[in-house]
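Notes for the one structure printed next.
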There are 2 protein chains.
Amino acid sequence: MSKEVGITVSKNEDFSEWYTQVIIKAELADYAPVKGLIVLRPDGYSIWESIKESLDKKLKETGHRNGFLPILIPESLLDSEIGDRLALRPTSETLAYSLYSKWIKSWRDLPLKINFWNTALRAEIKGTKPFLRTSEFLWQEGHTVHATKDEAEKEVADILELYKKTIEEELAVPVITGKKSEKDKFVGAVYTNTLESLMPDGKALQMGTSHFLGQNFSKPFDVKYLGENNVEIFAWQTSWGVSWRLIGGMIMTHGDDKGLVLPPKIAPIQVVIIPIYYSKEDIDSVFDVAYQVRKDLLSYDIRVHIDSRPNLTPGFKFNDWEMKGIPIRIEIGPKDVTKDQVVLVTRHNQTKTTIGGVKKMGAGSRINSELENIQKEMFETAKKILEERVVRVSEYQQFKEELENGKMIDCSWCGNQTCEDKIKEETGADLRVIPSDNTKAETCIYCKNSGTTNALFAKGY
Amino acid sequence: MSKEVGITVSKNEDFSEWYTQVIIKAELADYAPVKGLIVLRPDGYSIWESIKESLDKKLKETGHRNGFLPILIPESLLDSEIGDRLALRPTSETLAYSLYSKWIKSWRDLPLKINFWNTALRAEIKGTKPFLRTSEFLWQEGHTVHATKDEAEKEVADILELYKKTIEEELAVPVITGKKSEKDKFVGAVYTNTLESLMPDGKALQMGTSHFLGQNFSKPFDVKYLGENNVEIFAWQTSWGVSWRLIGGMIMTHGDDKGLVLPPKIAPIQVVIIPIYYSKEDIDSVFDVAYQVRKDLLSYDIRVHIDSRPNLTPGFKFNDWEMKGIPIRIEIGPKDVTKDQVVLVTRHNQTKTTIGGVKKMGAGSRINSELENIQKEMFETAKKILEERVVRVSEYQQFKEELENGKMIDCSWCGNQTCEDKIKEETGADLRVIPSDNTKAETCIYCKNSGTTNALFAKGY
């Protein structure tokens with residue numbers, strides 16, 4: 001593959017340019033004719049479908065159901081004085097709850113747990129960055145209503161766990177969970193739970209949020225129910241969402257200088273077979289084995305593809321599929337046919353092995369285990385890197401130094417926004433997450449006062 | 001159930017009001033705060049999910065893949081002179097093909113078969129009618145590119161068949177397939193294939209279309225490929241779509257004065273179990289059987305729900321679930337427990353039967369067959385009604401009379417738009433579809449000239 005066709009920058013040299021090239025060249029997405037908007041090509045949408053399918057299943061198993069909300073909302077629901085201009089929907093709290101107030105009458109209607117798979121629009125003024133900064137994005141937003149405060153808070157926590165499972169097990173991206181500070185919580189929430197990950201450029205990426213809304217919306221939107229004792233009670237609410245930003249986080253976490261590296265669970269193609277032949281006589285025997293292996297893999301529900309494009313060299317094909325991040329490449333040449341073997345190359349660690357006895361034993365079972373291994377190894381590698389990059393500090397000078405080294409800073413904080421603001425002003429770092437475990441709390445990293453909690457700081461996307 | 005809670009008009013008396021009441025009261029959809037827009041509630045979205053799942057499977061099996069297109073397009077793609085105002089996407093041909101021209105380089109990239117599950121926006125000036133007339137609607141739009149004319153025309157025909165299968169087998173709505181006239185084809189198409197059904201009020205409903213675009217878009221949008229002989233060739237294209245209008249057609253076809261009647265394949269709940277008890281002593285034994293039946297049905301992948309809401313009479317529950325169109329209701333009372341039986345009521349024909357020997361044989365297998373029967377019977381009944389309502393006529397006077405009787409008119413036509421226009425002007429009927437079978441062609445119903453084709457006329461939605 002020529003330099004122009006492949007990725008022309010290294011991930012360490014120019015991370016931002018690398019990210020864009022990988023997405024465009026691996027054909028996940030393309031820019032739309034309107035600034036700030038992107039188009040998903042089939043390989044990109046397929047990844048979104050995998051995430052959606054996995055999450056949708058978990059949500060349905062826990063009693064959530066899907067709905068649909070239109071893209072336009074009255075400007076009045078954006079807190080405006082004018083009643084009849086329309087706005088594109090940036091998020092659906094106000095739209096959904098103006099309807100929920102009609103739909104909920106008695107305690108029998110609760111809990112109401114509806115999820116919406118749709119798009120949202122928010123004008124991006126900075127440059128477009130596929131999956132990270134776009135004016136329209138695909139996401140899901142869940143909006144639930146409960147009879148009691150306890151039940152709503154349990155929902156907020158349960159959803160955070162469900163998100164963590166999906167992100168870590170499907171995308172192989174490790175996350176740190178906890179609360180946002182008062183400053184960075186969703187403006188309508190009592191508190192916001194978050195999942196944060198750290199990207200190779202040292203910036204933190206918020207992977208999803210789960211908000212406890214308390215009665216902040218139920219009172220103004222009149223979401224109340226008749227209790228068993230015939231008294232009207234304002235309901236307790238939650239909202240939560242993850243977007244295609246998850247795909248951006250996955251690309252940045254796993255990709256390398258050759259391009260994408262996809263975890264098997266969400267790869268549109270899990271195994272690509274490259275038949276190699278140098279003469280016409282070899283073609284039949286090589287393809288015979290290729291089809292036999294393909295059939296075997298299909299019986300294990302493995303997503304397999306034979307690259308039979310003529311007039312392209314094996315080398316070109318190797319590079320092409322490496323750039324697209326396909327987890328396993330199988331090479332089958334005339335010598336392999338003779339030896340009853342296939343050559344297997346795993347994308348994530350560039351390791352080549354040979355599998356023998358293909359005729360008798362097949363390759364399906366062994367490749368299936370290999371895919372499971374890859375998924376596990378990718379997560380473990382990423383988790384190890386994340387753990388190494390979260391550094392505990394107790395001095396502000398060290399805070400600044402480690403931040404410049406691309407670390408996420410684990411330190412103590414007094415809980416006052418003044419210190420949070422000062423740190424942001426002086427270092428550019430945000431308070432990303434307040435972890436639930438606060439056993440390490442000492443004096444505040446900035447003001448040295450006590451009464452502290454633990455907090456993680458990093459620069460953000 | 002009080003009159004106000006149930007459906008208060010009969011389907012024959014006020015079809016339009018009946019339609020709206022059924023949708024709102026059975027909680028499929030609700031009006032959004034913006035005129036022309038609706039919200040899907042979980043039962044409505046669940047039906048859309050069933051359609052989507054069934055169609056998506058068929059599309060993937062035939063080599064189509066999904067993508068995502070943003071909601072905003074530059075006004076310039078709407079044939080305007082101004083370049084930087086934005087428009088909401090009414091359909092995606094121009095947006096998709098401006099990208100396809102970049103994505104397609106050689107014959108190896110063809111065929112390109114991408115489908116988009118999204119929404120489209122078209123300002124509706126007449127009143128909102130859920131699923132039929134809304135300014136935003138859920139749909140899928142497929143856009144394919146082929147190397148040859150033959151392959152593209154085969155795609156157009158294959159998709160029509162695939163749609164017919166989905167609509168008839170899942171929604172149990174019979175359709176008539178064929179071509180649209182020049183006047184009613186999609187403006188950018190060489191020709192448009194259509195699926196038409198006839199509603200109980202005598203109006204035809206277009207259920208979906210599949211367009212052969214020829215090279216009408218590939219030339220202006222520069223969608224061309226380098227052939228094997230190294231010559232650039234303009235590609236051949238198709239586009240096709242069905243929308244949530246299918247849900248509207250299904251509601252109108254099957255619903256009755258008690259409300260919705262859902263075909264089992266797309267019903268969110270297929271079987272509802274109503275435990276009946278008059279004293280506290282009965283509760284345990286009745287619920288024991290209810291849970292046992294539920295477990296048995298779940299093992300057959302039947303979507304089953306026990307209505308355990310307290311303080312509501314069995315009669316209220318019967319009416320409630322009948323309004324919601326659930327295909328089978330199972331009643332279990334103390335007498336049934338004693339007799340080791342359950343009572344089964346099928347929604348579509350209001351028939352009550354008793355199933356005995358529940359302990360020994362279970363109910364799952366028998367209810368599973370019953371659901372298949374219901375699906376079949378609903379389609380056959382609807383098909384018989386459709387066939388009776390398509391009337392062959394050869395005199396214009398008879399045409400007008402039968403049209404007033406709510407019939408669809410099967411007649412001969414000279415192929416000239418003048419006659420088509422005159423018929424529309426004088427009777428209000430459109431030429432809905434030119435069926436592929438033209439063996440019956442005689443002289444034109446309007447001008448009496450020969451050179452005729454067969455055509456079906458009806459008033460439309």
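Ligands are numbered from 1 in the order shown, residues from 1 within each chain, and chains are lettered A, B, ... in the order they appear in the structure tokens.
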Next on the checklist: When you look at B:Ile274 with a cut-off of 9 Å (counting only C-alpha atoms), what residues show up, excluding the ones that are within fewer than 5 positions of it in the same chain? I need them as a list in words.
Outcome noted: Ala290, His305, Ile306, Asp307, Ser308, Pro314, Lys317, Phe318, Arg329, Ile330, Glu331, Ile332 and Gly333 of chain B
For the residues in the current selection, export N, CA and C atoms as a compact mmCIF listing (two decimals), in the first residue's frame.
```
# COMPACT_ATOMS: atom_id res chain seq x y z
N ALA B 290 -51.42 -19.16 36.80
CA ALA B 290 -51.03 -18.07 35.89
C ALA B 290 -49.51 -18.10 35.65
N HIS B 305 -47.81 -11.52 29.19
CA HIS B 305 -47.87 -10.58 30.32
C HIS B 305 -49.02 -10.97 31.24
N ILE B 306 -48.76 -10.99 32.55
CA ILE B 306 -49.84 -11.21 33.53
C ILE B 306 -50.32 -9.85 34.03
N ASP B 307 -51.61 -9.60 33.88
CA ASP B 307 -52.16 -8.33 34.39
C ASP B 307 -52.53 -8.52 35.85
N SER B 308 -51.59 -8.13 36.72
CA SER B 308 -51.83 -8.34 38.15
C SER B 308 -52.24 -7.04 38.85
N PRO B 314 -62.06 -7.66 36.49
CA PRO B 314 -61.72 -8.41 35.28
C PRO B 314 -62.34 -7.76 34.03
N LYS B 317 -60.30 -4.96 32.77
CA LYS B 317 -59.08 -5.46 32.15
C LYS B 317 -59.35 -6.05 30.76
N PHE B 318 -60.46 -6.82 30.64
CA PHE B 318 -60.79 -7.38 29.32
C PHE B 318 -60.87 -6.27 28.28
N ARG B 329 -56.24 -13.44 24.87
CA ARG B 329 -56.43 -13.22 26.31
C ARG B 329 -56.69 -14.57 26.96
N ILE B 330 -56.00 -14.84 28.06
CA ILE B 330 -56.24 -16.06 28.81
C ILE B 330 -56.85 -15.68 30.15
N GLU B 331 -58.02 -16.25 30.45
CA GLU B 331 -58.69 -15.99 31.72
C GLU B 331 -58.50 -17.20 32.63
N ILE B 332 -58.09 -16.97 33.84
CA ILE B 332 -57.95 -18.07 34.81
C ILE B 332 -58.67 -17.70 36.10
N GLY B 333 -59.77 -18.42 36.37
CA GLY B 333 -60.53 -18.19 37.60
C GLY B 333 -60.51 -19.44 38.48
```
Item to check | Exercise answer, chain A residues close to chain B, 6 Å and only C-alpha atoms, as a PyMOL selection string | outcome: chain A and resi 39-42+45+65-69
Write the residues you've just listed into a file as a PDB file, in the first residue's frame, and include N, CA and C atoms for each of them.
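Output below, filename again-v2.pdb:
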```
ATOM      1  N   VAL A  39     -21.238  11.724   8.208  1.00  0.00           N
ATOM      2  CA  VAL A  39     -22.012  10.616   7.681  1.00  0.00           C
ATOM      3  C   VAL A  39     -21.358   9.339   8.188  1.00  0.00           C
ATOM      4  N   LEU A  40     -22.136   8.347   8.599  1.00  0.00           N
ATOM      5  CA  LEU A  40     -21.544   7.058   8.958  1.00  0.00           C
ATOM      6  C   LEU A  40     -21.587   6.127   7.767  1.00  0.00           C
ATOM      7  N   ARG A  41     -20.432   5.574   7.408  1.00  0.00           N
ATOM      8  CA  ARG A  41     -20.394   4.569   6.354  1.00  0.00           C
ATOM      9  C   ARG A  41     -20.661   3.193   6.991  1.00  0.00           C
ATOM     10  N   PRO A  42     -20.926   2.159   6.206  1.00  0.00           N
ATOM     11  CA  PRO A  42     -21.370   0.889   6.815  1.00  0.00           C
ATOM     12  C   PRO A  42     -20.468   0.344   7.920  1.00  0.00           C
ATOM     13  N   TYR A  45     -21.256   2.422  11.001  1.00  0.00           N
ATOM     14  CA  TYR A  45     -22.599   2.189  11.529  1.00  0.00           C
ATOM     15  C   TYR A  45     -22.704   0.813  12.161  1.00  0.00           C
ATOM     16  N   ARG A  65     -38.170   0.318  28.027  1.00  0.00           N
ATOM     17  CA  ARG A  65     -38.744   0.166  26.687  1.00  0.00           C
ATOM     18  C   ARG A  65     -38.368   1.381  25.846  1.00  0.00           C
ATOM     19  N   ASN A  66     -38.355   1.204  24.525  1.00  0.00           N
ATOM     20  CA  ASN A  66     -37.966   2.301  23.638  1.00  0.00           C
ATOM     21  C   ASN A  66     -39.155   3.127  23.171  1.00  0.00           C
ATOM     22  N   GLY A  67     -38.882   4.389  22.830  1.00  0.00           N
ATOM     23  CA  GLY A  67     -39.886   5.274  22.258  1.00  0.00           C
ATOM     24  C   GLY A  67     -39.235   6.138  21.193  1.00  0.00           C
ATOM     25  N   PHE A  68     -39.982   7.081  20.667  1.00  0.00           N
ATOM     26  CA  PHE A  68     -39.426   7.996  19.664  1.00  0.00           C
ATOM     27  C   PHE A  68     -39.897   9.414  19.944  1.00  0.00           C
ATOM     28  N   LEU A  69     -38.956  10.357  19.927  1.00  0.00           N
ATOM     29  CA  LEU A  69     -39.297  11.771  20.096  1.00  0.00           C
ATOM     30  C   LEU A  69     -38.895  12.532  18.843  1.00  0.00           C
TER      31      LEU A  69
END
```
Next on the checklist: Can you pull out the residues contacting B:Arg303? Cut-off 9 Å, using only C-alpha atoms, and skip same-chain residues under 6 positions away; I want them as a count of residues only.
Outcome noted: 7
Next on the checklist: When you count only C-alpha atoms, which of these residues is closest to A:Ile247: A:Ile328, A:Ile409, A:Glu168, A:Ile51?
Outcome noted: A:Ile51
Item to check | Between atom CA of B:Tyr300 and atom CA of B:Gly248 - distance in Å to one decimal | outcome: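 Taking atom CA of B:Gly248 and atom CA of B:Tyr300, their separation equals 29.2 Å.
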Give me, as a short mmCIF file (atom, residue, chain, number, x, y, z; two decimals) with N, CA and C atoms, in the first residue's frame, the residues of stretch 203-429 of chain A that a backbone DSSP run labels strand (DSSP E or B).
```cif
data_model
loop_
_atom_site.label_atom_id
_atom_site.label_comp_id
_atom_site.auth_asym_id
_atom_site.auth_seq_id
_atom_site.Cartn_x
_atom_site.Cartn_y
_atom_site.Cartn_z
N LYS A 203 -5.70 13.35 27.56
CA LYS A 203 -6.97 14.03 27.85
C LYS A 203 -8.02 13.01 28.27
N ALA A 204 -8.84 13.42 29.23
CA ALA A 204 -9.92 12.55 29.68
C ALA A 204 -11.11 12.68 28.74
N LEU A 205 -11.81 11.57 28.55
CA LEU A 205 -13.02 11.58 27.73
C LEU A 205 -14.19 11.06 28.57
N GLN A 206 -15.23 11.87 28.66
CA GLN A 206 -16.44 11.46 29.37
C GLN A 206 -17.19 10.48 28.47
N MET A 207 -17.36 9.24 28.93
CA MET A 207 -17.95 8.20 28.08
C MET A 207 -19.47 8.08 28.24
N GLY A 208 -20.01 8.66 29.30
CA GLY A 208 -21.45 8.57 29.51
C GLY A 208 -21.80 9.19 30.85
N THR A 209 -23.08 9.54 31.03
CA THR A 209 -23.51 10.11 32.31
C THR A 209 -24.88 9.57 32.69
N SER A 210 -25.13 9.56 33.98
CA SER A 210 -26.41 9.11 34.53
C SER A 210 -26.81 10.12 35.61
N HIS A 211 -27.93 10.80 35.38
CA HIS A 211 -28.30 11.92 36.26
C HIS A 211 -29.44 11.57 37.21
N PHE A 212 -29.27 11.93 38.47
CA PHE A 212 -30.39 11.90 39.42
C PHE A 212 -31.03 13.28 39.39
N LEU A 213 -32.28 13.34 38.89
CA LEU A 213 -32.93 14.64 38.71
C LEU A 213 -33.75 15.05 39.93
N GLY A 214 -33.87 14.16 40.88
CA GLY A 214 -34.69 14.47 42.05
C GLY A 214 -36.10 14.84 41.62
N LYS A 224 -46.67 14.25 38.36
CA LYS A 224 -47.06 13.76 39.69
C LYS A 224 -48.02 12.58 39.55
N TYR A 225 -48.16 11.84 40.65
CA TYR A 225 -49.02 10.66 40.60
C TYR A 225 -49.87 10.58 41.86
N LEU A 226 -50.99 9.90 41.68
CA LEU A 226 -51.89 9.68 42.79
C LEU A 226 -51.41 8.44 43.54
N GLU A 232 -51.68 13.31 45.95
CA GLU A 232 -50.81 13.57 44.79
C GLU A 232 -49.37 13.80 45.24
N ILE A 233 -48.45 13.11 44.59
CA ILE A 233 -47.03 13.21 44.96
C ILE A 233 -46.21 13.54 43.72
N PHE A 234 -45.27 14.48 43.83
CA PHE A 234 -44.36 14.74 42.71
C PHE A 234 -43.40 13.56 42.57
N TRP A 236 -40.10 11.16 41.21
CA TRP A 236 -38.63 11.25 41.23
C TRP A 236 -38.11 10.77 39.89
N GLN A 237 -37.15 11.52 39.30
CA GLN A 237 -36.77 11.22 37.93
C GLN A 237 -35.27 11.01 37.73
N THR A 238 -34.95 10.30 36.65
CA THR A 238 -33.56 10.12 36.23
C THR A 238 -33.46 10.34 34.72
N SER A 239 -32.28 10.71 34.25
CA SER A 239 -32.01 10.67 32.81
C SER A 239 -30.56 10.28 32.61
N TRP A 240 -30.26 9.66 31.46
CA TRP A 240 -28.92 9.10 31.24
C TRP A 240 -28.70 8.86 29.76
N GLY A 241 -27.42 8.92 29.35
CA GLY A 241 -27.16 8.74 27.92
C GLY A 241 -25.71 8.39 27.62
N VAL A 242 -25.54 7.64 26.53
CA VAL A 242 -24.23 7.47 25.91
C VAL A 242 -24.40 7.74 24.42
N SER A 243 -23.33 8.21 23.78
CA SER A 243 -23.43 8.57 22.37
C SER A 243 -22.37 7.84 21.56
N ASP A 256 -3.42 2.13 16.34
CA ASP A 256 -1.97 2.33 16.30
C ASP A 256 -1.56 2.95 14.97
N GLY A 259 -3.29 2.01 11.84
CA GLY A 259 -4.72 2.34 11.69
C GLY A 259 -5.55 1.86 12.85
N VAL A 271 -12.80 -11.88 11.17
CA VAL A 271 -11.71 -12.63 10.55
C VAL A 271 -11.74 -12.39 9.05
N VAL A 272 -10.59 -11.98 8.48
CA VAL A 272 -10.52 -11.86 7.02
C VAL A 272 -9.57 -12.92 6.50
N ILE A 273 -10.00 -13.63 5.47
CA ILE A 273 -9.18 -14.68 4.87
C ILE A 273 -8.56 -14.14 3.58
N ILE A 274 -7.23 -14.22 3.48
CA ILE A 274 -6.56 -13.76 2.26
C ILE A 274 -6.00 -14.98 1.52
N PRO A 275 -6.61 -15.36 0.42
CA PRO A 275 -6.06 -16.46 -0.39
C PRO A 275 -4.85 -15.93 -1.15
N VAL A 304 -16.94 -13.57 9.14
CA VAL A 304 -15.74 -13.85 8.34
C VAL A 304 -15.93 -13.37 6.90
N HIS A 305 -14.85 -12.94 6.29
CA HIS A 305 -14.91 -12.42 4.92
C HIS A 305 -13.69 -12.92 4.14
N ILE A 306 -13.91 -13.44 2.92
CA ILE A 306 -12.78 -13.81 2.06
C ILE A 306 -12.48 -12.64 1.12
N ILE A 328 -8.45 -10.59 13.23
CA ILE A 328 -7.62 -11.73 12.80
C ILE A 328 -7.55 -11.80 11.27
N ARG A 329 -6.33 -11.97 10.76
CA ARG A 329 -6.15 -12.23 9.33
C ARG A 329 -5.68 -13.66 9.18
N ILE A 330 -6.28 -14.39 8.25
CA ILE A 330 -5.84 -15.76 7.95
C ILE A 330 -5.25 -15.75 6.55
N GLU A 331 -4.01 -16.21 6.42
CA GLU A 331 -3.37 -16.29 5.12
C GLU A 331 -3.35 -17.76 4.68
N ILE A 332 -3.75 -18.01 3.47
CA ILE A 332 -3.71 -19.38 2.95
C ILE A 332 -3.00 -19.36 1.59
N GLN A 341 -2.32 -26.50 6.78
CA GLN A 341 -2.26 -25.48 7.83
C GLN A 341 -2.76 -24.13 7.29
N VAL A 342 -3.03 -23.21 8.19
CA VAL A 342 -3.29 -21.82 7.80
C VAL A 342 -2.45 -20.93 8.71
N VAL A 343 -2.11 -19.74 8.20
CA VAL A 343 -1.34 -18.79 9.00
C VAL A 343 -2.30 -17.76 9.58
N LEU A 344 -2.14 -17.48 10.87
CA LEU A 344 -3.07 -16.60 11.57
C LEU A 344 -2.28 -15.40 12.11
N VAL A 345 -2.74 -14.18 11.80
CA VAL A 345 -2.07 -12.98 12.31
C VAL A 345 -3.08 -12.17 13.11
N THR A 346 -2.74 -11.92 14.40
CA THR A 346 -3.66 -11.14 15.23
C THR A 346 -3.28 -9.67 15.15
N THR A 351 0.98 -10.59 16.00
CA THR A 351 1.64 -11.88 16.19
C THR A 351 1.16 -12.90 15.16
N LYS A 352 2.15 -13.63 14.62
CA LYS A 352 1.86 -14.61 13.58
C LYS A 352 1.98 -16.01 14.17
N THR A 353 0.95 -16.85 13.98
CA THR A 353 1.06 -18.25 14.40
C THR A 353 0.55 -19.14 13.28
N THR A 354 0.79 -20.41 13.41
CA THR A 354 0.33 -21.35 12.39
C THR A 354 -0.61 -22.36 13.04
N ILE A 355 -1.71 -22.62 12.35
CA ILE A 355 -2.66 -23.61 12.85
C ILE A 355 -2.62 -24.82 11.93
N GLY A 356 -2.27 -25.98 12.48
CA GLY A 356 -2.16 -27.18 11.65
C GLY A 356 -3.39 -28.07 11.79
N VAL A 390 -2.83 7.01 35.97
CA VAL A 390 -3.48 7.74 37.06
C VAL A 390 -2.46 7.82 38.20
N VAL A 391 -2.03 9.02 38.53
CA VAL A 391 -0.94 9.19 39.49
C VAL A 391 -1.45 9.91 40.74
N ARG A 392 -1.16 9.32 41.90
CA ARG A 392 -1.54 9.93 43.16
C ARG A 392 -0.52 10.99 43.55
N MET A 408 -3.40 11.52 34.52
CA MET A 408 -4.61 11.93 35.24
C MET A 408 -4.21 11.98 36.70
N ILE A 409 -4.61 13.07 37.37
CA ILE A 409 -4.13 13.30 38.73
C ILE A 409 -5.16 12.87 39.77
N ASP A 410 -4.73 12.00 40.66
CA ASP A 410 -5.55 11.54 41.78
C ASP A 410 -5.07 12.30 43.01
N CYS A 411 -5.96 13.15 43.58
CA CYS A 411 -5.53 13.97 44.72
C CYS A 411 -6.71 14.27 45.63
N SER A 412 -6.44 14.98 46.69
CA SER A 412 -7.51 15.36 47.61
C SER A 412 -7.96 16.79 47.32
N TRP A 413 -9.21 17.06 47.67
CA TRP A 413 -9.82 18.36 47.33
C TRP A 413 -10.80 18.73 48.43
#
```
Item to check | Picked from stretch 348-388 of chain A by DSSP as helix (DSSP H, G or I), as JSON, numbers by chain | outcome: {"A": [358, 359, 360, 361, 364, 365, 366, 367, 368, 369, 370, 371, 372, 373, 374, 375, 376, 377, 378, 379, 380, 381, 382, 383, 384, 385, 386, 387, 388]}
Checklist entry - From the list A:Leu110, A:Ile374, A:Leu260, A:Val293, which residue is nearest A:Asp340 when using only C-alpha atoms? => result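 Nearest to A:Asp340: A:Val293.
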Checklist entry - Quick one: distance from atom CA of B:Asp158 to atom CA of B:Glu61 in Å, one decimal? => result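 So the answer is 12.4 Å.
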Checklist entry - What lies within 9 Å of stretch 18-25 of chain A using only C-alpha atoms, ignoring chain neighbours under 6 positions off, as a list in words? => result Val5, Gly6, Ile7, Thr8, Val9, Ser10, Lys11, Asn12, Tyr31, Gly44, Lys129, Pro130, Gly248, Ile251, Met252, Gly255, Asp256, Asp257, Lys258, Gly259, Leu260, Met323 and Lys324 of chain A
Checklist outcome for this item: Nearest to A:Thr134, restricted to only C-alpha atoms and choosing among A:Tyr277, A:Phe15, A:Phe399, A:Trp244, comes out as A:Trp244
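Picture a line from atom CA of B:Ala157 to atom CA of B:Asn193; it runs 7.8 Å.
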Checklist entry - Which neighbours of B:Lys383 fall inside 9 Å, counting only C-alpha atoms, when residues of the same chain fewer than 2 positions from it are skipped, and could you give them as a ChimeraX atom specification? => result /B:172-175,378-381,385-388
